[in-house]
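Written out below as structure tokens is the structure these notes cover.
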Amino acid sequence: MAHQAHTAQCIWYSEDDTQACAKALAHCPAIRNVYIELEGNLGAGKTTLVRHLLRALGVQGRVKSPTYAVVEPHEAGDLAIWHFDFYRFNDPQEWEDAGFRDIFASPGLKLVEWPSQAAGMLPTPDLRIAIELTTQDSREVHFSAATDAGSALIKALPYAL
């Protein structure tokens with residue numbers, strides 16, 4: 001059965017809205033085995049969303065951006081989580097050498113910031129979240145699902161249409 005494209009959009013007026021979105025995603029069973037792309041300019045709130053999502057999933061300790069390491073692994077109980085940041089990524093050979101293909105083929109949650117920097121190497125995301133800064137505090141957020149799991153995540157949002 002073919003997947004129906006599912007989209008939604010909303011405005012986050014504060015970091016509390018970002019946190020509420022993260023909590024809603026964390027409580028959806030589909031979150032356990034999806035690949036989510038996060039798009040947006042520097043300062044749009046990608047890492048903030050990831051930080052709130054990891055906290056809502058039960059990740060303990062410091063959640064830092066993987067800008068320099070490219071990937072930071074996390075665990076929440078039995079859930080494996082990988083947070084990628086491809087902002088400084090520019091060597092396709094690194095993709096193979098670092099074992100990223102194996103990570104994306106394994107179960108767990110994969111969160112990717114700056115996916116365009118690794119274009120052509122990444123699989124199709126289950127969910128794409130594009131965050132656009134509209135004022136100093138508010139963001140326009142677009143959700144787009146490419147799989148049934150991505151659609152389930154969108155439907156879990158309190159404001160999904």
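Identifiers in this document derive from the order of the structure tokens: chains are assigned A, B, ..., residues are numbered from 1 separately in each chain, and ligands are numbered from 1 in order of occurrence.
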Could you pull the residues within 9 Å of range 10-25 of chain A, counting only C-alpha atoms, minus those fewer than 6 positions along the same chain, as a list of chain:residue names? A:Ile31, A:Gly45, A:Thr48, A:Leu49, A:Val50, A:Arg51, A:His52, A:Leu53, A:Leu54, A:Arg55, A:Ala56, A:Leu57, A:Asp137, A:Ser138, A:Arg139, A:Glu140, A:Val141, A:His142, A:Phe143, A:Leu153, A:Ile154, A:Ala156, A:Leu157, A:Pro158, A:Tyr159, A:Ala160
From a backbone DSSP assignment, name each residue in chain A labelled strand (DSSP E or B), as a VMD selection string. chain A and resid 6 to 12 35 to 39 71 to 76 79 to 85 109 to 113 127 to 133 139 to 145
Which residues of range 39-60 of chain A sit at most 7 Å from range 64-78 of chain A, using only C-alpha atoms? Give each one's shortest atom pair and distance in Å (one decimal place), in chain and ascending residue order, as a Markdown table.
```
| residue | atom | partner | partner_atom | distance |
| --- | --- | --- | --- | --- |
| A:Thr47 | CA | A:Ser65 | CA | 6.5 |
| A:Leu57 | CA | A:Ala76 | CA | 6.2 |
| A:Gly58 | CA | A:Ala76 | CA | 5.3 |
| A:Val59 | CA | A:Ala76 | CA | 5.0 |
```
I need the chosen residues saved as a compact mmCIF listing (two decimals), in the first residue's frame, with N, CA, C and O atoms.
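Output saved as out-v3.txt:
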```txt
# COMPACT_ATOMS: atom_id res chain seq x y z
N THR A 47 18.91 22.24 17.19
CA THR A 47 19.54 21.58 18.34
C THR A 47 18.67 21.72 19.58
O THR A 47 18.59 20.79 20.39
N LEU A 57 12.68 11.79 26.02
CA LEU A 57 12.86 10.35 25.86
C LEU A 57 13.59 9.73 27.05
O LEU A 57 13.68 8.51 27.16
N GLY A 58 14.14 10.57 27.92
CA GLY A 58 14.80 10.07 29.12
C GLY A 58 16.32 10.08 29.07
O GLY A 58 16.96 9.49 29.94
N VAL A 59 16.91 10.74 28.07
CA VAL A 59 18.37 10.82 28.01
C VAL A 59 18.87 11.68 29.16
O VAL A 59 18.37 12.78 29.39
```
Between CA of Tyr87 in chain A and CA of Gln117 in chain A, what is the distance in Å, rounded to a tenth?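 Here the two named atoms are 6.4 Å from each other.
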Got a sec to tell me which of range 2-158 of chain A DSSP assigns to helix (DSSP H, G or I), as a PyMOL selection string? chain A and resi 15-26+29-33+46-57+92-97+100-105+115-118+148-156
Asp102 in chain A environment, 12 Å, only C-alpha atoms, sequence neighbours closer than 6 positions dropped, as a tab-separated table (two decimals) with N, CA, C and O atoms, in the first residue's frame:
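Wrote it out as part-v3.tsv, contents follow:
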```
chain	number	residue	atom	x	y	z
A	82	TRP	N	20.99	8.36	17.66
A	82	TRP	CA	22.16	9.00	17.08
A	82	TRP	C	21.76	10.40	16.62
A	82	TRP	O	20.81	10.57	15.88
A	95	TRP	N	31.90	9.17	5.30
A	95	TRP	CA	30.62	8.47	5.47
A	95	TRP	C	30.87	6.97	5.61
A	95	TRP	O	30.35	6.33	6.52
A	96	GLU	N	31.67	6.43	4.69
A	96	GLU	CA	31.99	5.00	4.71
A	96	GLU	C	32.89	4.66	5.89
A	96	GLU	O	32.64	3.71	6.63
A	108	GLY	N	16.66	2.10	15.74
A	108	GLY	CA	16.88	3.23	16.62
A	108	GLY	C	16.43	4.53	15.99
A	108	GLY	O	15.91	4.56	14.88
A	110	LYS	N	17.34	8.17	14.53
A	110	LYS	CA	18.40	8.95	13.90
A	110	LYS	C	17.87	10.37	13.68
A	110	LYS	O	16.84	10.56	13.04
A	121	MET	N	23.88	10.56	0.22
A	121	MET	CA	24.32	9.45	1.06
A	121	MET	C	23.24	9.03	2.05
A	121	MET	O	23.23	7.90	2.52
A	122	LEU	N	22.36	9.95	2.38
A	122	LEU	CA	21.32	9.68	3.38
A	122	LEU	C	20.12	8.99	2.75
A	122	LEU	O	19.76	9.27	1.60
A	123	PRO	N	19.47	8.11	3.51
A	123	PRO	CA	18.21	7.53	3.02
A	123	PRO	C	17.10	8.58	3.06
A	123	PRO	O	17.30	9.68	3.57
```
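Interatomic distance, CA of Thr147 in chain A against CA of Leu79 in chain A: 20.3 Å.
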Any idea what the distance is between CA of Ser106 in chain A and CA of Gln9 in chain A?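 Interatomic distance, CA of Ser106 in chain A to CA of Gln9 in chain A: 29.5 Å.
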Using only C-alpha atoms, which residue out of A:Ala119, A:Val63, A:Leu42, A:Leu127 lies closest to Asp91 in chain A?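 Closest to Asp91 in chain A of all the choices is A:Ala119.
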